[in-house]
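One file, my_file_35.csv, carrying CSV, C-alpha atoms:
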```
chain,number,residue,atom,x,y,z
G,1,MET,CA,-75.9,67.5,-3.1
G,2,SER,CA,-77.3,68.5,-6.5
G,3,ALA,CA,-75.3,68.2,-9.6
G,4,ARG,CA,-75.9,69.8,-12.9
G,5,TYR,CA,-77.6,68.1,-15.8
G,6,GLU,CA,-75.6,66.9,-18.8
G,7,ILE,CA,-75.6,69.4,-21.6
G,8,ALA,CA,-75.6,68.5,-25.3
G,9,PRO,CA,-75.5,70.7,-28.4
G,10,GLY,CA,-78.9,70.8,-30.1
G,11,ASP,CA,-79.4,69.2,-33.4
G,12,ASP,CA,-80.5,72.5,-34.8
G,13,GLY,CA,-76.9,73.8,-34.7
G,14,ALA,CA,-78.2,76.8,-32.7
G,15,SER,CA,-78.7,75.7,-29.1
G,16,TYR,CA,-77.7,73.7,-26.1
G,17,ARG,CA,-80.1,71.4,-24.3
G,18,PHE,CA,-80.6,69.4,-21.3
G,19,THR,CA,-83.3,67.2,-19.9
G,20,THR,CA,-84.4,67.3,-16.3
G,21,ILE,CA,-85.3,64.3,-14.1
G,22,SER,CA,-88.9,65.2,-14.5
G,23,GLY,CA,-88.6,65.0,-18.3
G,24,LEU,CA,-88.6,68.7,-19.1
G,25,THR,CA,-86.2,69.8,-21.9
G,26,TYR,CA,-84.5,73.1,-21.4
G,27,ILE,CA,-82.9,74.9,-24.4
G,28,ALA,CA,-80.2,77.5,-23.8
G,29,TYR,CA,-79.0,79.7,-26.6
G,30,PHE,CA,-76.8,82.6,-27.5
G,31,THR,CA,-77.6,85.3,-30.1
G,32,GLU,CA,-75.7,88.2,-31.4
G,33,PHE,CA,-76.5,91.5,-29.8
G,34,PHE,CA,-75.3,94.9,-30.8
G,35,MET,CA,-74.7,97.6,-28.2
G,36,MET,CA,-73.4,101.1,-29.2
G,37,ASN,CA,-71.1,103.4,-27.5
G,38,GLU,CA,-71.3,107.1,-27.0
G,39,ASP,CA,-69.9,107.7,-30.5
G,40,GLN,CA,-72.7,105.4,-31.7
G,41,GLU,CA,-70.2,102.8,-32.9
G,42,GLU,CA,-71.4,99.3,-32.8
G,43,ILE,CA,-70.1,96.8,-30.2
G,44,THR,CA,-70.9,93.2,-30.9
G,45,THR,CA,-71.8,91.2,-27.9
G,46,TYR,CA,-73.9,88.1,-27.1
G,47,SER,CA,-77.3,87.7,-25.5
G,48,PHE,CA,-78.1,84.6,-23.5
G,49,GLY,CA,-81.4,83.0,-22.9
G,50,PHE,CA,-83.1,79.8,-22.0
G,51,THR,CA,-86.5,78.3,-22.2
G,52,CYS,CA,-88.4,75.1,-21.5
G,53,ASP,CA,-90.4,73.0,-23.8
G,54,ARG,CA,-93.3,72.7,-21.4
G,55,MET,CA,-93.3,75.8,-19.3
G,56,GLU,CA,-96.7,75.0,-17.9
G,57,ASP,CA,-95.5,71.7,-16.5
G,58,ILE,CA,-92.8,73.3,-14.3
G,59,GLN,CA,-94.2,72.5,-10.9
G,60,ARG,CA,-91.4,72.8,-8.5
G,61,HIS,CA,-88.0,74.4,-8.1
G,62,ASP,CA,-85.2,72.3,-9.5
G,63,THR,CA,-81.8,73.4,-8.2
G,64,ARG,CA,-80.1,71.3,-10.9
G,65,VAL,CA,-81.6,73.6,-13.5
G,66,LYS,CA,-80.0,76.5,-11.8
G,67,GLN,CA,-76.7,74.7,-11.5
G,68,THR,CA,-76.8,73.8,-15.2
G,69,ILE,CA,-77.5,77.4,-16.3
G,70,ILE,CA,-74.7,78.7,-14.1
G,71,TYR,CA,-72.4,76.1,-15.5
G,72,ILE,CA,-73.2,77.3,-19.1
G,73,ILE,CA,-72.5,80.9,-18.1
G,74,GLN,CA,-69.3,80.0,-16.4
G,75,ASP,CA,-68.2,77.9,-19.4
G,76,PHE,CA,-68.8,80.8,-21.7
G,77,PHE,CA,-66.6,83.1,-19.6
G,78,ASP,CA,-63.9,80.4,-19.2
G,79,ASN,CA,-63.7,80.3,-23.0
G,80,GLN,CA,-64.2,83.9,-23.7
G,81,PRO,CA,-63.0,85.9,-20.7
G,82,GLU,CA,-63.1,89.2,-22.6
G,83,ASP,CA,-66.6,89.0,-23.8
G,84,VAL,CA,-69.8,90.2,-22.3
G,85,LEU,CA,-73.2,88.5,-22.0
G,86,LEU,CA,-76.5,90.4,-22.1
G,87,TYR,CA,-79.6,88.9,-20.4
G,88,MET,CA,-83.1,90.1,-20.6
G,89,CYS,CA,-86.1,88.7,-18.8
G,90,MET,CA,-89.3,87.7,-20.7
G,91,THR,CA,-92.1,90.1,-20.1
G,92,ASP,CA,-95.0,88.5,-21.8
G,93,ASP,CA,-96.6,87.1,-18.6
G,94,GLY,CA,-96.1,89.9,-16.2
G,95,ARG,CA,-93.4,88.0,-14.3
G,96,ALA,CA,-90.4,89.8,-15.6
G,97,ARG,CA,-89.5,91.4,-12.3
G,98,ASN,CA,-89.7,88.0,-10.6
G,99,ARG,CA,-87.4,86.5,-13.2
G,100,HIS,CA,-85.0,89.4,-12.8
G,101,ILE,CA,-84.8,89.0,-9.1
G,102,ALA,CA,-84.4,85.2,-9.4
G,103,PHE,CA,-81.6,85.6,-12.0
G,104,GLY,CA,-79.9,88.1,-9.7
G,105,ARG,CA,-80.1,85.5,-6.9
G,106,TRP,CA,-78.6,82.8,-9.2
G,107,PHE,CA,-75.9,85.1,-10.3
G,108,ARG,CA,-74.8,85.7,-6.7
G,109,ASP,CA,-74.1,82.0,-6.5
G,110,VAL,CA,-71.9,82.0,-9.6
G,111,ASN,CA,-68.6,83.3,-8.2
G,112,GLU,CA,-66.9,86.5,-7.4
G,113,SER,CA,-65.0,86.7,-10.8
G,114,LEU,CA,-68.1,88.0,-12.5
G,115,GLU,CA,-70.0,91.2,-12.1
G,116,LYS,CA,-73.5,92.1,-13.2
G,117,HIS,CA,-74.9,95.5,-14.2
G,118,ASN,CA,-78.6,96.2,-14.5
G,119,PHE,CA,-81.0,98.5,-16.3
G,120,THR,CA,-84.7,98.8,-15.7
G,121,TYR,CA,-87.0,100.6,-18.0
G,122,ARG,CA,-90.7,101.1,-17.3
G,123,ASP,CA,-93.3,103.2,-18.9
G,124,ASP,CA,-97.1,102.9,-19.3
G,125,ASN,CA,-96.8,100.2,-22.0
G,126,SER,CA,-93.7,98.3,-21.3
G,127,GLU,CA,-91.2,97.1,-18.8
G,128,PHE,CA,-87.7,95.8,-19.5
G,129,TYR,CA,-85.1,94.3,-17.3
G,130,SER,CA,-81.7,94.0,-18.9
G,131,SER,CA,-78.4,92.9,-17.4
G,132,ILE,CA,-74.9,92.4,-18.6
G,133,LEU,CA,-72.5,89.9,-17.1
G,134,LEU,CA,-68.7,90.2,-17.5
G,135,LYS,CA,-65.6,89.2,-15.8
G,136,THR,CA,-64.2,91.7,-13.2
G,137,THR,CA,-60.9,91.4,-15.0
G,138,ASN,CA,-62.2,92.2,-18.4
G,139,PRO,CA,-59.8,94.8,-19.9
G,140,ASN,CA,-62.6,96.4,-21.7
G,141,LYS,CA,-64.9,96.5,-18.8
G,142,LYS,CA,-65.5,100.2,-18.7
G,143,ARG,CA,-66.1,100.3,-22.4
G,144,PHE,CA,-68.8,97.5,-22.2
G,145,ILE,CA,-70.5,98.9,-19.1
G,146,ASP,CA,-70.6,102.4,-20.6
G,147,ALA,CA,-72.0,101.0,-23.9
G,148,PHE,CA,-74.6,99.0,-22.0
G,149,TYR,CA,-76.0,102.0,-20.2
G,150,PHE,CA,-75.7,104.2,-23.2
G,151,THR,CA,-77.6,101.8,-25.4
G,152,ASN,CA,-80.3,101.3,-22.9
G,153,GLN,CA,-80.6,105.1,-22.2
G,154,TYR,CA,-80.6,105.9,-25.9
G,155,TRP,CA,-83.6,103.7,-26.6
G,156,ALA,CA,-85.4,104.5,-23.4
G,157,ASP,CA,-85.4,108.3,-24.2
Z,1,MET,CA,-49.4,123.7,-44.0
Z,2,ASN,CA,-50.5,123.3,-40.5
Z,3,THR,CA,-53.2,120.8,-39.6
Z,4,LEU,CA,-54.7,120.8,-36.2
Z,5,LYS,CA,-57.0,118.1,-35.1
Z,6,LEU,CA,-59.3,118.4,-32.1
Z,7,SER,CA,-61.7,116.0,-30.7
Z,8,GLY,CA,-64.7,117.1,-28.7
Z,9,LYS,CA,-66.1,114.3,-26.6
Z,10,GLY,CA,-65.1,112.0,-29.4
Z,11,LYS,CA,-68.0,113.3,-31.5
Z,12,ALA,CA,-66.3,115.6,-34.0
Z,13,VAL,CA,-62.9,116.2,-35.4
Z,14,ILE,CA,-61.9,119.6,-36.7
Z,15,ILE,CA,-59.1,119.9,-39.1
Z,16,LEU,CA,-57.7,123.5,-39.3
Z,17,GLN,CA,-55.4,124.3,-42.1
Z,18,SER,CA,-54.8,127.9,-41.0
Z,19,GLU,CA,-52.3,128.9,-43.7
Z,20,THR,CA,-54.7,128.0,-46.5
Z,21,THR,CA,-57.7,129.4,-44.6
Z,22,VAL,CA,-59.6,126.2,-44.8
Z,23,ILE,CA,-61.5,124.7,-41.9
Z,24,LYS,CA,-62.8,121.2,-42.5
Z,25,VAL,CA,-65.1,119.8,-39.9
Z,26,ARG,CA,-65.7,116.1,-40.0
Z,27,CYS,CA,-68.3,114.5,-37.8
Z,28,PRO,CA,-69.1,110.8,-38.1
Z,29,GLY,CA,-72.8,111.4,-37.7
Z,30,LEU,CA,-73.0,114.0,-40.4
Z,31,ARG,CA,-71.7,111.6,-43.0
Z,32,THR,CA,-74.3,109.0,-42.1
Z,33,ALA,CA,-77.0,111.6,-42.3
Z,34,GLY,CA,-75.9,112.5,-45.9
Z,35,VAL,CA,-73.4,115.3,-45.1
Z,36,PRO,CA,-69.9,114.0,-45.8
Z,37,ALA,CA,-68.2,117.0,-44.2
Z,38,ILE,CA,-68.5,120.7,-43.6
Z,39,THR,CA,-65.9,122.8,-45.2
Z,40,MET,CA,-65.6,126.5,-44.7
Z,41,GLU,CA,-63.3,128.0,-47.2
Z,42,ASN,CA,-63.9,131.7,-46.8
Z,43,PHE,CA,-62.3,132.1,-43.5
Z,44,THR,CA,-59.6,134.7,-43.6
Z,45,SER,CA,-56.4,133.8,-42.0
Z,46,SER,CA,-56.9,136.5,-39.5
Z,47,LEU,CA,-59.7,134.6,-38.0
Z,48,CYS,CA,-57.3,131.8,-37.3
Z,49,ILE,CA,-54.7,133.9,-35.6
Z,50,GLY,CA,-54.9,134.4,-31.9
Z,51,PRO,CA,-56.7,132.1,-29.6
Z,52,GLU,CA,-57.4,129.3,-32.0
Z,53,ALA,CA,-58.9,127.2,-29.3
Z,54,ILE,CA,-61.7,129.7,-28.8
Z,55,LEU,CA,-62.5,129.7,-32.5
Z,56,LEU,CA,-62.4,125.9,-32.7
Z,57,ASN,CA,-64.4,125.4,-29.6
Z,58,PHE,CA,-67.0,127.8,-31.0
Z,59,VAL,CA,-67.2,125.8,-34.3
Z,60,LEU,CA,-67.2,122.5,-32.4
Z,61,ASN,CA,-70.1,123.6,-30.2
Z,62,GLN,CA,-72.1,124.7,-33.1
Z,63,LEU,CA,-71.6,121.4,-34.8
Z,64,LEU,CA,-72.5,119.5,-31.7
Z,65,MET,CA,-75.7,121.5,-31.5
Z,66,ILE,CA,-76.5,120.7,-35.2
Z,67,PHE,CA,-75.6,117.1,-34.6
Z,68,ALA,CA,-77.9,116.8,-31.6
Z,69,ILE,CA,-80.8,118.4,-33.5
Z,70,MET,CA,-80.3,116.1,-36.5
Z,71,LYS,CA,-80.1,113.1,-34.2
Z,72,ALA,CA,-83.3,114.0,-32.5
Z,73,GLU,CA,-85.1,114.7,-35.7
Z,74,LYS,CA,-84.0,111.6,-37.4
Z,75,LYS,CA,-84.8,109.4,-34.4
Z,76,ALA,CA,-88.2,111.0,-34.2
Z,77,THR,CA,-89.0,110.5,-37.9
Z,78,THR,CA,-87.4,107.1,-38.6
Z,79,GLY,CA,-86.4,105.6,-35.3
Z,80,MET,CA,-82.9,105.4,-36.7
Z,81,SER,CA,-79.8,106.7,-35.0
Z,82,VAL,CA,-77.9,109.3,-37.0
Z,83,SER,CA,-74.4,107.9,-36.8
Z,84,GLY,CA,-72.4,104.8,-36.1
Z,85,LYS,CA,-71.8,101.9,-38.4
Z,86,LYS,CA,-74.5,99.3,-38.3
Z,87,ALA,CA,-76.0,101.1,-35.3
Z,88,ALA,CA,-77.3,103.7,-37.7
Z,89,ASP,CA,-79.0,101.0,-39.7
Z,90,GLN,CA,-81.0,99.7,-36.7
Z,91,LYS,CA,-84.6,100.6,-37.4
Z,92,THR,CA,-85.9,99.0,-34.3
Z,93,ASN,CA,-85.0,99.1,-30.7
Z,94,PRO,CA,-82.6,96.1,-30.2
Z,95,PHE,CA,-84.1,95.4,-26.8
Z,96,VAL,CA,-87.6,95.2,-28.2
Z,97,LYS,CA,-86.3,93.0,-31.0
Z,98,LEU,CA,-84.5,90.7,-28.5
Z,99,MET,CA,-87.7,90.4,-26.5
Z,100,GLU,CA,-89.6,89.5,-29.6
Z,101,ASP,CA,-86.9,87.0,-30.6
Z,102,LYS,CA,-87.2,85.4,-27.2
Z,103,LYS,CA,-90.9,85.0,-27.6
Z,104,ARG,CA,-90.4,83.4,-31.0
Z,105,ILE,CA,-87.8,81.1,-29.6
Z,106,ALA,CA,-90.0,80.0,-26.7
Z,107,GLN,CA,-92.9,79.4,-29.1
Z,108,ALA,CA,-90.7,77.4,-31.4
Z,109,VAL,CA,-89.3,75.2,-28.6
Z,110,LYS,CA,-92.9,74.7,-27.3
Z,111,ASN,CA,-94.0,73.6,-30.8
Z,112,LYS,CA,-90.8,71.5,-31.3
Z,113,VAL,CA,-89.8,73.6,-34.3
Z,114,SER,CA,-86.1,73.7,-35.1
Z,115,LEU,CA,-84.5,77.0,-34.0
Z,116,ALA,CA,-82.5,77.0,-37.3
Z,117,THR,CA,-85.7,77.8,-39.1
Z,118,LEU,CA,-86.2,81.1,-37.4
Z,119,LYS,CA,-85.4,84.0,-39.7
Z,120,ASP,CA,-83.6,87.2,-38.6
Z,121,ILE,CA,-82.2,85.6,-35.4
Z,122,LYS,CA,-78.4,85.0,-35.5
Z,123,PHE,CA,-77.6,82.2,-33.2
Z,124,VAL,CA,-74.1,81.5,-32.1
Z,125,ARG,CA,-72.6,78.6,-30.2
Z,126,PRO,CA,-69.6,79.9,-28.3
Z,127,LEU,CA,-69.2,76.9,-26.1
```
Starting from the file, lay out its structure as C-alpha coordinates.
Amino acid sequence: MSARYEIAPGDDGASYRFTTISGLTYIAYFTEFFMMNEDQEEITTYSFGFTCDRMEDIQRHDTRVKQTIIYIIQDFFDNQPEDVLLYMCMTDDGRARNRHIAFGRWFRDVNESLEKHNFTYRDDNSEFYSSILLKTTNPNKKRFIDAFYFTNQYWAD
Amino acid sequence: MNTLKLSGKGKAVIILQSETTVIKVRCPGLRTAGVPAITMENFTSSLCIGPEAILLNFVLNQLLMIFAIMKAEKKATTGMSVSGKKAADQKTNPFVKLMEDKKRIAQAVKNKVSLATLKDIKFVRPL
(Lines of atoms letter the chains of each structure in order from A and count residues from 1; the text may use other names and numbers.)
(Lines give C-alpha, C1' and ligand atoms only; values in the text may rest on other atoms or scores of the structure.)
Protein backbone atom coordinates (compact mmCIF):
# COMPACT_ATOMS: atom_id res chain seq x y z
CA MET A 1 0.00 0.00 0.00
CA SER A 2 1.47 3.33 -1.03
CA ALA A 3 1.44 6.34 1.23
CA ARG A 4 1.93 9.92 0.30
CA TYR A 5 5.20 11.75 0.78
CA GLU A 6 5.69 14.27 3.55
CA ILE A 7 5.01 17.81 2.40
CA ALA A 8 6.88 20.84 3.69
CA PRO A 9 6.49 24.54 2.97
CA GLY A 10 9.26 25.75 0.70
CA ASP A 11 11.89 28.15 2.01
CA ASP A 12 10.90 30.54 -0.75
CA GLY A 13 7.60 31.29 1.00
CA ALA A 14 5.81 30.49 -2.22
CA SER A 15 5.58 26.73 -2.57
CA TYR A 16 5.21 23.32 -1.01
CA ARG A 17 7.70 20.58 -1.69
CA PHE A 18 8.28 16.91 -1.20
CA THR A 19 11.07 14.53 -2.08
CA THR A 20 10.50 11.12 -3.59
CA ILE A 21 12.23 7.91 -2.67
CA SER A 22 14.30 8.22 -5.82
CA GLY A 23 15.54 11.65 -4.76
CA LEU A 24 13.42 13.83 -7.02
CA THR A 25 12.06 17.02 -5.50
CA TYR A 26 8.57 18.06 -6.47
CA ILE A 27 7.33 21.62 -6.01
CA ALA A 28 3.62 22.34 -5.78
CA TYR A 29 2.35 25.90 -5.92
CA PHE A 30 -0.73 28.05 -6.05
CA THR A 31 -0.99 31.38 -7.86
CA GLU A 32 -3.74 33.92 -8.18
CA PHE A 33 -5.86 33.65 -11.26
CA PHE A 34 -8.62 35.94 -12.41
CA MET A 35 -11.64 34.70 -14.24
CA MET A 36 -14.41 37.00 -15.38
CA ASN A 37 -18.11 36.57 -15.53
CA GLU A 38 -20.55 37.52 -18.25
CA ASP A 39 -20.59 41.08 -16.95
CA GLN A 40 -16.82 40.98 -17.22
CA GLU A 41 -16.44 41.44 -13.51
CA GLU A 42 -13.35 39.91 -12.06
CA ILE A 43 -13.53 36.73 -9.98
CA THR A 44 -10.41 35.87 -8.03
CA THR A 45 -9.49 32.20 -7.95
CA TYR A 46 -6.38 30.08 -7.57
CA SER A 47 -4.40 28.13 -10.09
CA PHE A 48 -2.58 25.02 -9.03
CA GLY A 49 0.55 23.53 -10.50
CA PHE A 50 3.44 21.28 -9.74
CA THR A 51 6.78 20.52 -11.27
CA CYS A 52 9.90 18.46 -10.61
CA ASP A 53 13.47 19.60 -10.31
CA ARG A 54 14.76 16.91 -12.67
CA MET A 55 11.99 16.14 -15.11
CA GLU A 56 14.38 14.26 -17.34
CA ASP A 57 15.13 11.81 -14.53
CA ILE A 58 11.54 10.68 -14.05
CA GLN A 59 11.81 7.10 -15.17
CA ARG A 60 8.86 5.28 -13.75
CA HIS A 61 5.41 5.93 -12.44
CA ASP A 62 5.44 6.68 -8.72
CA THR A 63 1.96 6.32 -7.22
CA ARG A 64 3.09 8.15 -4.09
CA VAL A 65 3.53 11.31 -6.16
CA LYS A 66 -0.07 11.02 -7.27
CA GLN A 67 -1.21 10.39 -3.69
CA THR A 68 0.69 13.46 -2.51
CA ILE A 69 -0.72 15.76 -5.18
CA ILE A 70 -4.23 14.49 -4.44
CA TYR A 71 -3.63 15.11 -0.75
CA ILE A 72 -2.62 18.72 -1.44
CA ILE A 73 -5.76 19.30 -3.50
CA GLN A 74 -7.98 17.72 -0.88
CA ASP A 75 -6.31 19.75 1.85
CA PHE A 76 -6.96 22.89 -0.14
CA PHE A 77 -10.68 22.13 -0.36
CA ASP A 78 -10.88 21.02 3.26
CA ASN A 79 -9.64 24.45 4.26
CA GLN A 80 -11.41 26.45 1.58
CA PRO A 81 -14.53 24.58 0.55
CA GLU A 82 -15.99 27.56 -1.25
CA ASP A 83 -13.02 28.24 -3.49
CA VAL A 84 -12.14 26.93 -6.90
CA LEU A 85 -8.89 25.64 -8.36
CA LEU A 86 -7.83 26.09 -11.94
CA TYR A 87 -5.39 23.68 -13.50
CA MET A 88 -3.68 23.92 -16.86
CA CYS A 89 -1.36 21.42 -18.45
CA MET A 90 2.07 22.38 -19.73
CA THR A 91 2.13 22.45 -23.51
CA ASP A 92 5.78 23.07 -24.27
CA ASP A 93 6.71 19.47 -25.08
CA GLY A 94 3.61 18.41 -26.99
CA ARG A 95 2.40 16.18 -24.18
CA ALA A 96 -0.34 18.43 -22.83
CA ARG A 97 -3.09 16.06 -23.90
CA ASN A 98 -1.39 13.16 -22.12
CA ARG A 99 -1.10 15.25 -18.96
CA HIS A 100 -4.71 16.32 -19.24
CA ILE A 101 -5.84 12.71 -19.47
CA ALA A 102 -3.57 11.66 -16.61
CA PHE A 103 -4.81 14.47 -14.39
CA GLY A 104 -8.37 13.47 -15.17
CA ARG A 105 -7.57 9.90 -14.16
CA TRP A 106 -6.00 11.12 -10.91
CA PHE A 107 -8.98 13.30 -10.24
CA ARG A 108 -11.37 10.37 -10.48
CA ASP A 109 -9.48 8.86 -7.56
CA VAL A 110 -9.88 11.93 -5.35
CA ASN A 111 -13.38 11.50 -4.07
CA GLU A 112 -16.92 12.19 -5.04
CA SER A 113 -17.13 15.51 -3.24
CA LEU A 114 -15.27 17.32 -6.00
CA GLU A 115 -16.19 17.92 -9.59
CA LYS A 116 -14.10 18.90 -12.57
CA HIS A 117 -14.97 20.95 -15.63
CA ASN A 118 -12.80 21.08 -18.71
CA PHE A 119 -12.16 23.37 -21.63
CA THR A 120 -10.01 22.50 -24.60
CA TYR A 121 -8.81 25.06 -27.08
CA ARG A 122 -6.94 24.22 -30.24
CA ASP A 123 -5.89 26.23 -33.23
CA ASP A 124 -3.03 26.00 -35.70
CA ASN A 125 -0.56 27.52 -33.28
CA SER A 126 -1.61 26.52 -29.81
CA GLU A 127 -3.44 24.00 -27.72
CA PHE A 128 -4.69 24.59 -24.19
CA TYR A 129 -6.26 22.23 -21.73
CA SER A 130 -7.75 23.94 -18.71
CA SER A 131 -9.84 22.51 -15.89
CA ILE A 132 -11.42 23.78 -12.73
CA LEU A 133 -12.00 21.77 -9.61
CA LEU A 134 -14.58 22.68 -7.01
CA LYS A 135 -16.69 21.04 -4.38
CA THR A 136 -20.07 19.79 -5.48
CA THR A 137 -21.53 21.61 -2.48
CA ASN A 138 -19.97 24.95 -3.37
CA PRO A 139 -22.78 27.51 -3.01
CA ASN A 140 -21.27 29.57 -5.83
CA LYS A 141 -20.77 26.59 -8.10
CA LYS A 142 -22.80 27.87 -11.02
CA ARG A 143 -21.16 31.28 -10.83
CA PHE A 144 -17.68 29.76 -10.97
CA ILE A 145 -18.50 27.29 -13.72
CA ASP A 146 -20.14 29.96 -15.85
CA ALA A 147 -17.16 32.27 -15.33
CA PHE A 148 -14.74 29.50 -16.22
CA TYR A 149 -16.39 28.80 -19.55
CA PHE A 150 -17.00 32.47 -20.24
CA THR A 151 -13.37 33.40 -19.63
CA ASN A 152 -12.11 30.55 -21.78
CA GLN A 153 -14.54 31.35 -24.59
CA TYR A 154 -13.82 35.07 -24.39
CA TRP A 155 -10.14 34.56 -25.02
CA ALA A 156 -10.60 31.72 -27.46
CA ASP A 157 -12.74 33.86 -29.81
CA MET B 1 -40.16 61.85 -9.98
CA ASN B 2 -40.36 58.29 -11.18
CA THR B 3 -37.25 56.29 -11.66
CA LEU B 4 -37.43 53.00 -13.40
CA LYS B 5 -34.49 50.66 -13.54
CA LEU B 6 -34.25 47.80 -15.94
CA SER B 7 -31.48 45.32 -16.41
CA GLY B 8 -30.88 43.64 -19.70
CA LYS B 9 -28.85 40.46 -19.27
CA GLY B 10 -27.05 42.29 -16.50
CA LYS B 11 -25.21 44.40 -19.01
CA ALA B 12 -26.98 47.71 -18.88
CA VAL B 13 -29.17 49.64 -16.55
CA ILE B 14 -31.61 52.22 -17.80
CA ILE B 15 -32.90 54.88 -15.49
CA LEU B 16 -36.03 56.49 -16.80
CA GLN B 17 -37.17 59.68 -15.16
CA SER B 18 -40.28 60.09 -17.20
CA GLU B 19 -41.69 63.20 -15.58
CA THR B 20 -38.53 65.16 -16.24
CA THR B 21 -38.14 63.62 -19.70
CA VAL B 22 -34.65 62.42 -18.96
CA ILE B 23 -33.41 58.99 -19.83
CA LYS B 24 -30.07 58.01 -18.43
CA VAL B 25 -28.44 54.88 -19.59
CA ARG B 26 -25.60 53.43 -17.63
CA CYS B 27 -23.59 50.59 -18.91
CA PRO B 28 -20.52 49.40 -16.96
CA GLY B 29 -18.57 48.77 -20.12
CA LEU B 30 -19.15 52.21 -21.52
CA ARG B 31 -17.58 53.87 -18.53
CA THR B 32 -14.47 51.77 -18.85
CA ALA B 33 -14.31 52.72 -22.48
CA GLY B 34 -14.37 56.39 -21.56
CA VAL B 35 -18.11 57.05 -21.80
CA PRO B 36 -19.41 57.61 -18.27
CA ALA B 37 -23.05 57.43 -19.24
CA ILE B 38 -25.42 58.22 -22.04
CA THR B 39 -28.01 60.82 -21.24
CA MET B 40 -30.81 61.74 -23.58
CA GLU B 41 -32.50 64.87 -22.33
CA ASN B 42 -34.57 65.86 -25.31
CA PHE B 43 -37.09 63.13 -25.08
CA THR B 44 -40.57 64.51 -24.72
CA SER B 45 -42.71 63.05 -22.07
CA SER B 46 -45.06 61.73 -24.74
CA LEU B 47 -42.37 59.32 -25.78
CA CYS B 48 -42.44 57.88 -22.32
CA ILE B 49 -46.16 57.44 -22.17
CA GLY B 50 -47.61 54.20 -23.29
CA PRO B 51 -45.70 50.95 -23.50
CA GLU B 52 -42.60 52.06 -21.71
CA ALA B 53 -41.14 48.62 -21.93
CA ILE B 54 -41.05 48.81 -25.73
CA LEU B 55 -39.20 52.08 -25.63
CA LEU B 56 -36.79 50.88 -23.02
CA ASN B 57 -36.17 47.62 -24.79
CA PHE B 58 -35.42 49.52 -27.96
CA VAL B 59 -32.89 51.75 -26.18
CA LEU B 60 -31.42 48.79 -24.41
CA ASN B 61 -30.98 46.82 -27.62
CA GLN B 62 -29.30 49.78 -29.28
CA LEU B 63 -26.92 50.06 -26.38
CA LEU B 64 -26.09 46.40 -26.38
CA MET B 65 -25.28 46.65 -30.07
CA ILE B 66 -23.01 49.63 -29.42
CA PHE B 67 -21.44 47.81 -26.53
CA ALA B 68 -20.78 44.71 -28.61
CA ILE B 69 -19.18 46.75 -31.39
CA MET B 70 -17.02 48.70 -28.93
CA LYS B 71 -15.97 45.49 -27.24
CA ALA B 72 -14.99 43.87 -30.52
CA GLU B 73 -13.11 46.94 -31.72
CA LYS B 74 -11.25 47.43 -28.48
CA LYS B 75 -10.33 43.79 -28.19
CA ALA B 76 -9.11 43.78 -31.79
CA THR B 77 -6.95 46.86 -31.35
CA THR B 78 -5.59 46.42 -27.85
CA GLY B 79 -6.41 42.93 -26.71
CA MET B 80 -8.22 44.49 -23.75
CA SER B 81 -11.75 43.83 -22.68
CA VAL B 82 -14.02 46.83 -22.58
CA SER B 83 -15.56 46.49 -19.19
CA GLY B 84 -15.16 44.92 -15.80
CA LYS B 85 -12.84 45.98 -13.07
CA LYS B 86 -9.37 44.58 -13.31
CA ALA B 87 -10.55 42.36 -16.13
CA ALA B 88 -10.52 45.41 -18.31
CA ASP B 89 -6.89 46.00 -17.45
CA GLN B 90 -5.77 42.59 -18.57
CA LYS B 91 -3.69 43.19 -21.65
CA THR B 92 -2.82 39.57 -22.13
CA ASN B 93 -4.77 36.39 -22.27
CA PRO B 94 -4.65 35.09 -18.65
CA PHE B 95 -4.38 31.51 -19.87
CA VAL B 96 -1.38 32.37 -22.02
CA LYS B 97 0.18 34.20 -19.08
CA LEU B 98 -0.42 31.22 -16.82
CA MET B 99 1.29 28.91 -19.30
CA GLU B 100 4.24 31.28 -19.51
CA ASP B 101 4.34 31.48 -15.71
CA LYS B 102 4.39 27.70 -15.48
CA LYS B 103 7.34 27.55 -17.86
CA ARG B 104 9.21 30.16 -15.81
CA ILE B 105 8.47 28.27 -12.61
CA ALA B 106 9.61 24.97 -14.10
CA GLN B 107 12.81 26.58 -15.32
CA ALA B 108 13.45 28.21 -11.95
CA VAL B 109 12.93 24.92 -10.13
CA LYS B 110 15.22 23.15 -12.55
CA ASN B 111 17.91 25.78 -11.98
CA LYS B 112 17.30 25.83 -8.23
CA VAL B 113 16.28 29.47 -8.29
CA SER B 114 13.95 30.68 -5.53
CA LEU B 115 10.39 31.15 -6.76
CA ALA B 116 10.22 34.29 -4.64
CA THR B 117 12.49 35.99 -7.17
CA LEU B 118 10.05 35.55 -10.05
CA LYS B 119 8.44 38.85 -10.95
CA ASP B 120 4.78 39.23 -11.91
CA ILE B 121 3.72 35.92 -10.45
CA LYS B 122 1.61 36.19 -7.32
CA PHE B 123 2.11 33.04 -5.30
CA VAL B 124 -0.21 32.18 -2.46
CA ARG B 125 0.04 29.51 0.20
CA PRO B 126 -3.50 28.60 1.13
CA LEU B 127 -2.66 25.42 3.03
Each residue of chain G with at least one atom at most 7 Å from chain Z should appear once, together with its nearest atom pair and the corresponding distance in Å (one decimal); atoms considered: all atoms listed in the file; ordering: chain, then increasing residue number; output as CSV.
```
residue,atom,partner,partner_atom,distance
G:Asp12,CA,Z:Ala116,CA,5.5
G:Gly13,CA,Z:Ala116,CA,7.0
G:Ala14,CA,Z:Phe123,CA,5.5
G:Ser15,CA,Z:Arg125,CA,6.8
G:Phe30,CA,Z:Val124,CA,5.4
G:Thr31,CA,Z:Phe123,CA,4.4
G:Glu32,CA,Z:Lys122,CA,5.9
G:Met36,CA,Z:Ala87,CA,6.6
G:Asp39,CA,Z:Lys11,CA,6.0
G:Gln40,CA,Z:Gly84,CA,4.5
G:Glu41,CA,Z:Gly84,CA,4.4
G:Glu42,CA,Z:Ala87,CA,5.5
G:Thr51,CA,Z:Ala106,CA,5.9
G:Asp53,CA,Z:Lys110,CA,4.6
G:Arg54,CA,Z:Lys110,CA,6.2
G:Asp75,CA,Z:Leu127,CA,6.8
G:Phe76,CA,Z:Leu127,CA,5.9
G:Met90,CA,Z:Met99,CA,6.6
G:Trp155,CA,Z:Asn93,CA,6.3
```
Problem set entry | Nearest residue to G:Glu6 from the set G:Ile73, G:Leu85, G:Ile101, G:Val65 (distances using all atoms listed in the file) | G:Val65
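Interatomic distance, atom CA of G:Leu133 to atom CA of G:Tyr154: 20.0 Å.
Nearest to G:Asn140 of all the residues G:Glu82, G:Ser47, G:Arg108, G:Thr91 is G:Glu82, counting all atoms listed in the file.
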For this session: Step by step: start from the point (-63.9, 89.4, -18.1) in the file's coordinates, keep every protein, DNA or RNA residue that has an atom no farther than 12 Å from it, count all atoms listed in the file, and write the set as a ChimeraX atom specification.
Result: /G:74,76-85,112-116,132-145
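Here atom CA of G:Tyr129 is placed at a distance of 15.4 Å from atom CA of G:Phe33.
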Problem set entry | Length of the atom CA of G:Ala3 to atom CA of G:Leu86 vector [Å] | 25.5 Å
Exercise. So which residues touch G:Asn37 within 8 Å, counting all atoms listed in the file, skipping near sequence neighbours fewer than 5 positions away, as a PyMOL selection string?
Worked result: chain G and resi 42-43+143+146-148+150-151
